[in-house]
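Student: Just entry_26.tsv, nothing more (TSV, C-alpha atoms):
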```
chain	number	residue	atom	x	y	z
P	4	MET	CA	5.38	3.40	-6.41
P	5	ILE	CA	1.77	4.42	-5.82
P	6	LEU	CA	0.61	8.01	-5.86
P	7	LEU	CA	-2.96	9.08	-5.20
P	8	LEU	CA	-3.67	11.70	-7.74
P	9	LEU	CA	-7.17	13.12	-7.58
P	10	THR	CA	-8.86	15.09	-4.84
P	11	SER	CA	-11.77	12.65	-4.90
P	12	LEU	CA	-9.39	9.95	-3.69
P	13	LEU	CA	-8.10	11.88	-0.72
P	14	THR	CA	-9.58	11.62	2.72
P	15	PRO	CA	-10.73	15.04	3.97
P	16	GLY	CA	-8.50	16.38	6.70
P	17	CYS	CA	-5.32	14.58	5.57
P	18	ALA	CA	-3.88	17.67	3.89
P	19	GLY	CA	-4.73	21.21	2.96
P	20	PRO	CA	-6.37	22.38	-0.28
P	21	GLY	CA	-2.96	23.14	-1.78
P	22	TYR	CA	-1.94	19.51	-1.65
P	23	TYR	CA	-5.24	18.39	-3.17
P	24	TRP	CA	-4.83	20.92	-5.96
P	25	GLN	CA	-1.28	19.90	-6.92
P	26	ALA	CA	-2.31	16.24	-6.93
P	27	ALA	CA	-5.31	16.78	-9.18
P	28	THR	CA	-3.73	19.26	-11.59
P	29	GLY	CA	-0.49	17.29	-11.78
P	30	HIS	CA	-2.29	14.10	-12.68
P	31	LEU	CA	-4.58	15.74	-15.23
P	32	HIS	CA	-1.62	17.46	-16.87
P	33	LEU	CA	0.09	14.10	-17.34
P	34	MET	CA	-3.03	12.44	-18.68
P	35	ASN	CA	-3.54	15.21	-21.23
P	36	GLN	CA	-0.01	14.73	-22.58
P	37	ARG	CA	-0.33	11.02	-23.33
P	38	GLN	CA	0.17	9.59	-26.82
P	39	ASP	CA	-1.44	6.39	-28.02
P	40	ILE	CA	1.22	3.69	-28.46
P	41	ASP	CA	-0.51	2.06	-31.45
P	42	THR	CA	-0.46	5.40	-33.22
P	43	LEU	CA	3.23	5.91	-32.43
P	44	LEU	CA	4.16	2.43	-33.64
P	45	HIS	CA	2.42	2.99	-36.97
P	46	ASP	CA	3.84	6.49	-37.46
P	47	PRO	CA	6.91	6.40	-39.77
P	48	ASP	CA	8.17	9.58	-38.13
P	49	THR	CA	8.45	7.96	-34.70
P	50	ASP	CA	12.07	7.67	-33.58
P	51	PRO	CA	13.29	4.10	-34.35
P	52	LEU	CA	14.78	3.73	-30.86
P	53	LEU	CA	11.46	4.70	-29.27
P	54	THR	CA	9.65	2.26	-31.57
P	55	MET	CA	11.97	-0.57	-30.50
P	56	ARG	CA	11.54	0.24	-26.82
P	57	LEU	CA	7.75	0.46	-27.09
P	58	GLN	CA	7.67	-2.90	-28.87
P	59	THR	CA	9.74	-4.40	-26.06
P	60	ALA	CA	7.30	-2.96	-23.52
P	61	ARG	CA	4.40	-4.50	-25.46
P	62	GLU	CA	6.08	-7.91	-25.36
P	63	ILE	CA	6.68	-7.58	-21.62
P	64	LEU	CA	3.04	-6.65	-21.00
P	65	ALA	CA	1.83	-9.62	-23.03
P	66	PHE	CA	4.08	-11.88	-20.94
P	67	ALA	CA	2.79	-10.29	-17.73
P	68	GLU	CA	-0.80	-11.10	-18.61
P	69	ALA	CA	-0.24	-14.56	-20.10
P	70	GLU	CA	2.42	-15.96	-17.78
P	71	LEU	CA	2.22	-13.97	-14.53
P	72	GLU	CA	-1.57	-13.48	-14.43
P	73	LEU	CA	-1.13	-9.73	-14.01
P	74	PRO	CA	-4.06	-7.62	-15.26
P	75	THR	CA	-3.13	-4.79	-17.62
P	76	ARG	CA	-6.73	-3.43	-17.62
P	77	GLY	CA	-5.86	-0.91	-20.30
P	78	SER	CA	-2.81	0.38	-18.44
P	79	TYR	CA	0.40	1.15	-20.34
P	80	GLN	CA	-1.32	1.52	-23.71
P	81	SER	CA	-0.16	5.13	-23.97
P	82	PHE	CA	3.22	6.89	-23.81
P	83	LEU	CA	4.25	10.00	-21.92
P	84	GLN	CA	7.43	12.02	-22.32
P	85	VAL	CA	8.33	13.55	-18.94
P	86	GLY	CA	12.10	14.00	-19.28
P	87	GLY	CA	12.85	13.15	-15.65
P	88	PRO	CA	11.26	11.81	-12.47
P	89	VAL	CA	7.48	11.83	-12.74
P	90	ALA	CA	7.06	12.66	-9.06
P	91	TRP	CA	8.77	12.86	-5.68
P	92	ASN	CA	7.89	11.01	-2.51
P	93	VAL	CA	8.41	12.28	1.01
P	94	VAL	CA	8.98	9.76	3.82
P	95	ALA	CA	9.44	10.81	7.45
P	96	THR	CA	10.16	9.19	10.81
P	97	ASP	CA	10.79	10.48	14.30
P	98	GLU	CA	14.44	11.10	15.14
P	99	PHE	CA	14.64	7.96	17.27
P	100	SER	CA	12.30	5.62	15.44
P	101	LEU	CA	12.27	3.47	12.31
P	102	GLU	CA	8.50	3.59	12.02
P	103	PRO	CA	7.45	5.88	9.15
P	104	LYS	CA	4.75	8.49	9.47
P	105	TYR	CA	1.61	7.49	7.57
P	106	TRP	CA	-0.74	9.63	5.49
P	107	CYS	CA	-4.25	8.34	4.92
P	108	PHE	CA	-6.27	8.29	1.69
P	109	ALA	CA	-9.72	7.03	0.88
P	110	VAL	CA	-8.79	4.35	-1.68
P	111	ALA	CA	-5.25	3.30	-0.80
P	112	GLY	CA	-5.70	3.61	2.94
P	113	CYS	CA	-2.72	4.81	4.95
P	114	VAL	CA	0.64	4.85	3.15
P	115	MET	CA	4.15	5.68	4.31
P	116	TYR	CA	4.82	8.56	1.94
P	117	ARG	CA	3.30	11.68	0.49
P	118	GLY	CA	3.68	12.24	-3.25
P	119	TYR	CA	4.26	15.48	-5.15
P	120	PHE	CA	4.49	16.22	-8.85
P	121	GLU	CA	6.88	19.13	-8.28
P	122	GLN	CA	10.26	18.58	-6.66
P	123	ALA	CA	10.29	22.03	-5.06
P	124	LYS	CA	7.01	21.35	-3.26
P	125	ALA	CA	8.25	17.98	-2.05
P	126	GLN	CA	11.44	19.59	-0.77
P	127	ARG	CA	9.51	22.34	1.03
P	128	PHE	CA	7.29	19.80	2.73
P	129	GLY	CA	10.34	17.73	3.66
P	130	GLU	CA	12.05	20.80	5.12
P	131	LYS	CA	8.93	21.52	7.17
P	132	LEU	CA	9.08	18.04	8.68
P	133	THR	CA	12.83	18.33	9.25
P	134	GLY	CA	12.14	21.54	11.15
P	135	ARG	CA	9.98	19.50	13.50
P	136	GLY	CA	12.98	17.29	14.30
P	137	MET	CA	12.01	14.40	12.04
P	138	ASP	CA	14.25	12.31	9.79
P	139	VAL	CA	13.16	12.87	6.17
P	140	ALA	CA	13.85	11.28	2.79
P	141	VAL	CA	12.76	12.96	-0.45
P	142	SER	CA	13.21	10.61	-3.39
P	143	PRO	CA	12.27	10.63	-7.09
P	144	ALA	CA	9.75	8.20	-8.55
P	145	ALA	CA	10.46	6.87	-12.03
P	146	ALA	CA	6.98	5.31	-12.27
P	147	TYR	CA	3.63	5.38	-10.56
P	148	SER	CA	0.40	3.44	-10.41
P	149	THR	CA	-3.20	4.47	-9.85
P	150	LEU	CA	-4.15	0.90	-8.87
P	151	GLY	CA	-6.10	0.44	-12.09
P	152	TRP	CA	-8.43	3.38	-11.49
P	153	PHE	CA	-6.94	5.15	-14.51
P	154	GLU	CA	-5.08	4.00	-17.62
P	155	ASP	CA	-1.51	4.61	-16.54
P	156	PRO	CA	0.96	5.57	-19.29
P	157	ILE	CA	4.42	4.20	-20.00
P	158	LEU	CA	6.92	6.94	-19.20
P	159	ASP	CA	10.09	7.74	-21.12
P	160	THR	CA	12.02	7.29	-17.85
P	161	MET	CA	10.79	3.68	-17.73
P	162	LEU	CA	11.87	3.00	-21.31
P	163	GLU	CA	15.37	4.35	-20.68
P	164	GLN	CA	16.02	1.43	-18.34
P	165	ALA	CA	17.59	-1.83	-19.49
P	166	PRO	CA	14.92	-4.33	-20.64
P	167	ALA	CA	15.15	-6.36	-17.41
P	168	ARG	CA	14.66	-3.22	-15.31
P	169	LEU	CA	11.76	-2.14	-17.53
P	170	ALA	CA	10.15	-5.55	-17.08
P	171	GLY	CA	10.66	-5.33	-13.34
P	172	THR	CA	9.04	-1.89	-13.16
P	173	LEU	CA	6.00	-3.00	-15.17
P	174	PHE	CA	5.59	-6.24	-13.21
P	175	HIS	CA	5.88	-4.34	-9.92
P	176	GLU	CA	3.29	-1.73	-10.79
P	177	LEU	CA	0.89	-4.28	-12.29
P	178	ALA	CA	1.24	-6.41	-9.16
P	179	HIS	CA	-0.30	-3.55	-7.19
P	180	GLN	CA	-3.36	-3.90	-9.41
P	181	ARG	CA	-3.40	-7.66	-8.86
P	182	LEU	CA	-3.33	-7.52	-5.05
P	183	TYR	CA	-3.48	-4.48	-2.81
P	184	VAL	CA	-4.35	-4.19	0.87
P	185	ARG	CA	-5.59	-0.80	2.01
P	186	GLY	CA	-3.34	0.69	4.65
P	187	ASP	CA	-0.57	-1.95	4.55
P	188	SER	CA	2.36	-0.55	2.58
P	189	ALA	CA	4.75	-3.18	3.93
P	190	PHE	CA	2.68	-6.09	2.61
P	191	ASN	CA	1.88	-4.37	-0.69
P	192	GLU	CA	5.47	-3.47	-1.51
P	193	ALA	CA	6.82	-6.85	-0.38
P	194	TYR	CA	4.31	-8.65	-2.61
P	195	ALA	CA	4.96	-6.42	-5.63
P	196	SER	CA	8.73	-6.67	-5.18
P	197	PHE	CA	8.54	-10.46	-5.03
P	198	ILE	CA	6.40	-10.60	-8.19
P	199	GLU	CA	8.91	-8.27	-9.84
P	200	GLU	CA	11.85	-10.54	-8.99
P	201	ALA	CA	10.10	-13.80	-9.93
P	202	GLY	CA	8.61	-12.27	-13.07
P	203	VAL	CA	11.86	-10.88	-14.43
P	204	THR	CA	13.61	-14.20	-13.86
P	205	ARG	CA	10.92	-16.08	-15.80
P	206	TRP	CA	10.82	-13.49	-18.56
P	207	LEU	CA	14.58	-13.58	-19.09
P	208	GLN	CA	14.58	-17.38	-19.11
P	209	GLY	CA	12.26	-17.23	-22.12
P	210	GLN	CA	14.37	-14.76	-24.12
P	211	GLU	CA	16.54	-16.12	-26.92
P	212	ASP	CA	19.49	-13.96	-25.85
P	213	GLY	CA	18.50	-13.83	-22.18
P	214	GLY	CA	21.38	-15.91	-20.82
P	215	LYS	CA	23.79	-13.05	-20.21
P	216	ALA	CA	21.03	-10.71	-19.03
P	217	LEU	CA	19.77	-13.40	-16.65
P	218	ARG	CA	23.24	-13.87	-15.16
P	219	GLN	CA	23.55	-10.12	-14.66
P	220	TRP	CA	20.08	-9.98	-13.14
P	221	ARG	CA	20.87	-12.79	-10.72
P	222	GLU	CA	24.13	-11.12	-9.74
P	223	MET	CA	22.20	-7.94	-9.07
P	224	ARG	CA	19.55	-9.79	-7.05
P	225	MET	CA	22.24	-11.54	-5.01
P	226	ALA	CA	23.82	-8.18	-4.28
P	227	SER	CA	20.40	-6.79	-3.42
P	228	ASN	CA	19.81	-9.63	-0.97
P	229	GLN	CA	23.20	-9.04	0.66
P	230	PHE	CA	22.50	-5.32	0.89
P	231	ALA	CA	19.06	-6.00	2.39
P	232	GLY	CA	20.68	-8.27	4.97
P	233	LEU	CA	23.18	-5.55	5.84
P	234	LEU	CA	20.39	-3.03	6.31
P	235	ARG	CA	18.38	-5.46	8.44
P	236	ASP	CA	21.35	-5.98	10.76
P	237	PHE	CA	21.84	-2.27	11.26
P	238	ARG	CA	18.12	-1.63	11.61
P	239	ARG	CA	18.09	-4.10	14.50
P	240	GLU	CA	21.02	-2.29	16.07
P	241	LEU	CA	19.24	1.04	15.76
P	242	GLU	CA	16.00	-0.41	17.13
P	243	ALA	CA	17.89	-1.73	20.16
P	244	LEU	CA	19.42	1.71	20.68
P	245	TYR	CA	16.05	3.48	20.46
P	246	GLU	CA	14.52	1.06	22.93
P	247	SER	CA	17.44	1.27	25.37
P	248	GLY	CA	16.02	4.16	27.37
P	249	THR	CA	19.31	6.07	27.28
P	250	THR	CA	19.38	9.87	27.04
P	251	GLU	CA	18.73	11.64	23.74
P	252	PRO	CA	22.25	13.12	23.44
P	253	VAL	CA	23.74	9.65	23.85
P	254	MET	CA	21.26	8.15	21.35
P	255	ARG	CA	21.98	10.92	18.87
P	256	LYS	CA	25.73	10.30	18.99
P	257	SER	CA	25.35	6.50	18.90
P	258	LYS	CA	22.94	6.74	15.99
P	259	GLN	CA	25.51	8.58	13.87
P	260	GLU	CA	28.21	6.07	14.81
P	261	ILE	CA	25.96	3.19	13.72
P	262	LEU	CA	25.16	4.85	10.40
P	263	LYS	CA	28.87	5.51	9.84
P	264	ARG	CA	29.65	1.83	10.43
P	265	LEU	CA	26.87	0.86	8.03
P	266	ARG	CA	28.60	2.85	5.29
P	267	LEU	CA	31.92	1.16	6.09
P	268	HIS	CA	30.36	-2.31	5.94
P	269	TYR	CA	28.74	-1.41	2.62
P	270	ARG	CA	32.14	-0.36	1.26
P	271	ASP	CA	33.48	-3.73	2.33
P	272	LEU	CA	30.70	-5.47	0.35
P	273	VAL	CA	31.59	-3.44	-2.75
P	274	ASP	CA	35.29	-4.24	-2.49
P	275	ARG	CA	35.19	-7.86	-1.32
P	276	GLN	CA	31.94	-9.30	-2.69
P	277	TRP	CA	30.97	-7.24	-5.73
P	278	GLU	CA	34.37	-6.66	-7.37
P	279	GLY	CA	34.07	-2.90	-7.00
P	280	ARG	CA	30.53	-2.62	-8.41
P	281	ASP	CA	28.91	0.15	-6.41
P	282	TYR	CA	25.31	-1.01	-6.90
P	283	PHE	CA	23.66	1.12	-4.21
P	284	GLY	CA	26.13	3.97	-3.81
P	285	ASP	CA	23.78	6.59	-5.23
P	286	TRP	CA	21.12	5.59	-2.71
P	287	LEU	CA	23.57	5.91	0.18
P	288	ARG	CA	25.00	9.19	-1.06
P	289	ALA	CA	21.50	10.67	-1.27
P	290	GLY	CA	21.39	10.58	2.53
P	291	LEU	CA	21.16	7.96	5.23
P	292	ASN	CA	18.77	8.25	8.15
P	293	ASN	CA	15.77	6.52	9.70
P	294	ALA	CA	13.48	7.58	6.85
P	295	HIS	CA	15.75	6.02	4.21
P	296	LEU	CA	15.92	2.78	6.16
P	297	ALA	CA	12.15	2.75	6.65
P	298	THR	CA	11.67	3.12	2.90
P	299	ILE	CA	14.03	0.36	1.85
P	300	SER	CA	12.66	-2.15	4.35
P	301	ALA	CA	9.19	-1.98	2.79
P	302	TYR	CA	10.62	-3.27	-0.49
P	303	THR	CA	13.00	-5.89	0.86
P	304	ASP	CA	11.15	-7.38	3.83
P	305	GLY	CA	8.95	-10.41	3.19
P	306	ARG	CA	11.14	-11.95	0.46
P	307	CYS	CA	11.61	-15.07	2.57
P	308	ALA	CA	7.92	-15.44	3.42
P	309	PHE	CA	6.75	-14.99	-0.16
P	310	GLY	CA	9.50	-17.30	-1.42
P	311	GLU	CA	8.20	-20.05	0.85
P	312	LEU	CA	4.68	-19.34	-0.38
P	313	LEU	CA	5.81	-19.87	-3.99
P	314	ARG	CA	7.45	-23.15	-3.00
P	315	GLN	CA	4.20	-24.25	-1.38
P	316	ALA	CA	2.47	-23.43	-4.66
P	317	GLU	CA	5.07	-25.57	-6.47
P	318	GLY	CA	6.03	-22.62	-8.64
P	319	ASP	CA	2.46	-22.09	-9.90
P	320	LEU	CA	1.83	-18.34	-9.79
P	321	GLY	CA	-1.92	-18.81	-10.00
P	322	ARG	CA	-1.87	-20.88	-6.80
P	323	PHE	CA	0.71	-18.52	-5.29
P	324	ASN	CA	-1.66	-15.58	-5.82
P	325	GLU	CA	-4.49	-17.51	-4.22
P	326	LEU	CA	-2.33	-18.13	-1.15
P	327	ALA	CA	-1.14	-14.51	-1.10
P	328	ALA	CA	-4.77	-13.36	-1.22
P	329	MET	CA	-5.49	-15.58	1.79
P	330	ILE	CA	-2.63	-13.94	3.68
P	331	SER	CA	-3.92	-10.51	2.67
P	332	ARG	CA	-7.20	-11.21	4.46
P	333	LEU	CA	-5.50	-11.79	7.82
P	334	GLU	CA	-5.60	-9.08	10.46
P	335	MET	CA	-2.87	-6.45	10.16
P	336	THR	CA	-0.90	-7.79	13.13
P	337	GLU	CA	-1.06	-11.35	11.76
P	338	ARG	CA	0.12	-10.18	8.32
P	339	LYS	CA	3.00	-8.31	9.90
P	340	THR	CA	4.06	-11.36	11.88
P	341	TRP	CA	3.81	-13.59	8.80
P	342	LEU	CA	5.77	-11.12	6.68
P	343	GLY	CA	8.62	-10.96	9.17
P	344	GLN	CA	9.11	-14.69	9.68
P	345	GLU	CA	12.28	-16.50	8.70
P	346	CYS	CA	12.05	-19.16	6.00
P	347	ALA	CA	12.43	-22.04	8.45
P	348	VAL	CA	9.37	-21.01	10.46
P	349	VAL	CA	6.98	-19.76	7.79
P	350	ALA	CA	3.57	-21.39	8.18
P	351	SER	CA	2.98	-24.47	6.05
P	352	GLN	CA	0.20	-24.51	3.47
P	353	PRO	CA	-2.36	-26.42	5.61
P	354	GLU	CA	-1.96	-23.79	8.34
P	355	LEU	CA	-2.83	-21.03	5.88
```
Will you turn the file into structure tokens for me?
Tutor:
Amino acid sequence: MILLLLTSLLTPGCAGPGYYWQAATGHLHLMNQRQDIDTLLHDPDTDPLLTMRLQTAREILAFAEAELELPTRGSYQSFLQVGGPVAWNVVATDEFSLEPKYWCFAVAGCVMYRGYFEQAKAQRFGEKLTGRGMDVAVSPAAAYSTLGWFEDPILDTMLEQAPARLAGTLFHELAHQRLYVRGDSAFNEAYASFIEEAGVTRWLQGQEDGGKALRQWREMRMASNQFAGLLRDFRRELEALYESGTTEPVMRKSKQEILKRLRLHYRDLVDRQWEGRDYFGDWLRAGLNNAHLATISAYTDGRCAFGELLRQAEGDLGRFNELAAMISRLEMTERKTWLGQECAVVASQPEL
């Protein structure tokens, strides 16, 4: 999850001075609270559990650089105790659209969310957009990246995750430093999510006791793929509704009926496919509208296209990244088309 944090990185006119101020002061406050990890590891008074978790993070980072070709560039060499979500992101769409509103910044380009360090401010901004008739999602961020511009810290919220989840978070955020296209959130998140999935699988395969964790990870990824497929089906249904040209009252009623059926189909997945494991229940219970669906699609779309790219690279991540960089240099419309292709029709390597 990428947050732009200093006023110097924000394009004038995108927001008022208050937003610039909270971004700059919030970031500087975090940076001033960091603790050097080397110092903590050599301090006998450091909590043993924290020491173990920091050592695990160090091992994951070493793997990321050596095996996944992800640049640490000094990131994650410090620790920060935040005690909860580090920030909150606001995503918004029109009532009858699945296209998110974009906010534009000088370095990252235009992104589909606006980040806040204080939950209350994020909620107020979300309520303002809701008052304009928009669908809004306000969600916590357990991690953030400054795209290598600053030395990002490891957060306590990251360390509280299971090792596989911690590895996934670090791989995802480092992937943004490896390849990032200004103004194309869909491509950026799809790429980082694919690196996360491939990286965690390879990392667990190399762990002495990784067999059980790898099975659990694969079960979770299979469930994630099924859930993503469910969401894609219902997104298509909503898109067809919004393009139907029917009246707004009819669309409003039909929209709620579709979202209700989505919940019922999810419950069926839990009961019939996942043996009662409610993997994504918290996400659904947090609210379900166009904004939530716009958010999740950015992370799940493109899995097929990037999977084919890895097969073309014969599993070599160095070659895979070269091919991904080639795709990143296409025009926006070409990237979008490539990202949305099914596996059977993804362009072959010579065509890239």
Student: I'd like a table as JSON lines: residues in segment 266-308 of chain P with an atom no more than 8 Å from segment 334-345 of chain P, each row giving the shortest atom pair and its distance in Å to one decimal, all atoms listed in the file counted, sorted by chain and rising residue number.
Tutor:
```
{"residue": "P:Asp304", "atom": "CA", "partner": "P:Gly343", "partner_atom": "CA", "distance": 6.9}
{"residue": "P:Gly305", "atom": "CA", "partner": "P:Leu342", "partner_atom": "CA", "distance": 4.8}
{"residue": "P:Cys307", "atom": "CA", "partner": "P:Glu345", "partner_atom": "CA", "distance": 6.3}
{"residue": "P:Ala308", "atom": "CA", "partner": "P:Leu342", "partner_atom": "CA", "distance": 5.8}
```
Student: Which is closest to Gln229 of chain P among P:Gln276, P:Gln58, P:Thr28, P:Gln315, if we use all atoms listed in the file?
Tutor: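 Comparing P:Gln276, P:Gln58, P:Thr28, P:Gln315 against Gln229 of chain P, the winner is P:Gln276.
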Student: Counting all atoms listed in the file, figure out which residue out of P:Ala167, P:Leu291, P:Leu71, P:Leu265 gets nearest to Ala195 of chain P.
Tutor: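 The shortest atom-to-atom distance to Ala195 of chain P comes from P:Leu71.
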Student: Would you work out the distance separating atom CA of Pro74 of chain P from atom CA of Arg224 of chain P, expressed in Å to one decimal?
Tutor: 25.1 Å
Student: When you draw a straight line from atom CA of Phe66 of chain P to atom CA of Leu150 of chain P, how long is it in Å?
Tutor: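 That distance, rounded to one decimal, is 19.4 Å.
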Student: What's the 8 Å shell around segment 121-133 of chain P, counting all atoms listed in the file, without same-chain residues fewer than 6 positions away, as a PyMOL selection string?
Tutor: chain P and resi 90-93+95+139-141
Student: Counting all atoms listed in the file, which of P:Leu241, P:Met254, P:Leu52, P:Leu33 gets nearest to Pro156 of chain P?
Tutor: P:Leu33
Student: Please indicate the distance in Å from atom CA of Leu173 of chain P to atom CA of Ile157 of chain P, rounded to one decimal place.
Tutor: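 These atoms are spaced 8.8 Å apart.
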Student: Which polymer residues have any atom within 10 Å of an atom of Thr59 of chain P, counting all atoms listed in the file, with same-chain residues fewer than 6 positions away left out, as a PDB file with C-alpha atoms, in the coordinates of the input?
Tutor:
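New file selection_36.pdb:
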```pdb
ATOM      1  CA  LEU P  53      11.460   4.700 -29.270  1.00  0.00           C
ATOM      2  CA  ALA P  65       1.830  -9.620 -23.030  1.00  0.00           C
ATOM      3  CA  LEU P 162      11.870   3.000 -21.310  1.00  0.00           C
ATOM      4  CA  PRO P 166      14.920  -4.330 -20.640  1.00  0.00           C
ATOM      5  CA  LEU P 169      11.760  -2.140 -17.530  1.00  0.00           C
ATOM      6  CA  ALA P 170      10.150  -5.550 -17.080  1.00  0.00           C
TER       7      ALA P 170
END
```
Student: Would you tabulate, counting all atoms listed in the file, all residues of segment 152-189 of chain P that have an atom at most 12 Å from an atom of segment 78-82 of chain P, showing the closest pair of atoms and their distance in Å to one decimal, sorted by chain then ascending number, as a tab-separated table?
Tutor:
```
residue	atom	partner	partner_atom	distance
P:Trp152	CA	P:Ser78	CA	9.4
P:Phe153	CA	P:Ser78	CA	7.4
P:Glu154	CA	P:Ser78	CA	4.4
P:Asp155	CA	P:Ser78	CA	4.8
P:Pro156	CA	P:Tyr79	CA	4.6
P:Ile157	CA	P:Phe82	CA	4.8
P:Leu158	CA	P:Phe82	CA	5.9
P:Asp159	CA	P:Phe82	CA	7.4
P:Thr160	CA	P:Phe82	CA	10.6
P:Met161	CA	P:Phe82	CA	10.2
P:Leu162	CA	P:Phe82	CA	9.8
P:Thr172	CA	P:Tyr79	CA	11.6
P:Leu173	CA	P:Tyr79	CA	8.7
P:Phe174	CA	P:Tyr79	CA	11.5
P:Glu176	CA	P:Ser78	CA	10.0
P:Leu177	CA	P:Ser78	CA	8.6
P:Gln180	CA	P:Ser78	CA	10.0
```
Student: List every residue of segment 221-313 of chain P that has an atom at most 7 Å from any atom of segment 197-217 of chain P, giving for each one its closest atom pair and the distance in Å to one decimal, counting all atoms listed in the file, sorted by chain and then by ascending residue number, as CSV.
Tutor:
```
residue,atom,partner,partner_atom,distance
P:Arg221,CA,P:Leu217,CA,6.1
P:Arg306,CA,P:Phe197,CA,6.3
P:Phe309,CA,P:Phe197,CA,6.9
```
Student: List the spatial neighbours of segment 234-240 of chain P as number ranges by chain - criterion: any atom at most 8 Å away, only C-alpha atoms, same-chain residues fewer than 3 positions off excluded.
Tutor: P: 101, 230-231, 243-244, 261-262, 265, 296, 300
Student: I need the residue nearest Gln84 of chain P from this list: P:Arg288, P:His32, P:Arg37, P:Arg61. Use all atoms listed in the file for the distance.
Tutor: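 The closest residue to Gln84 of chain P is P:Arg37.
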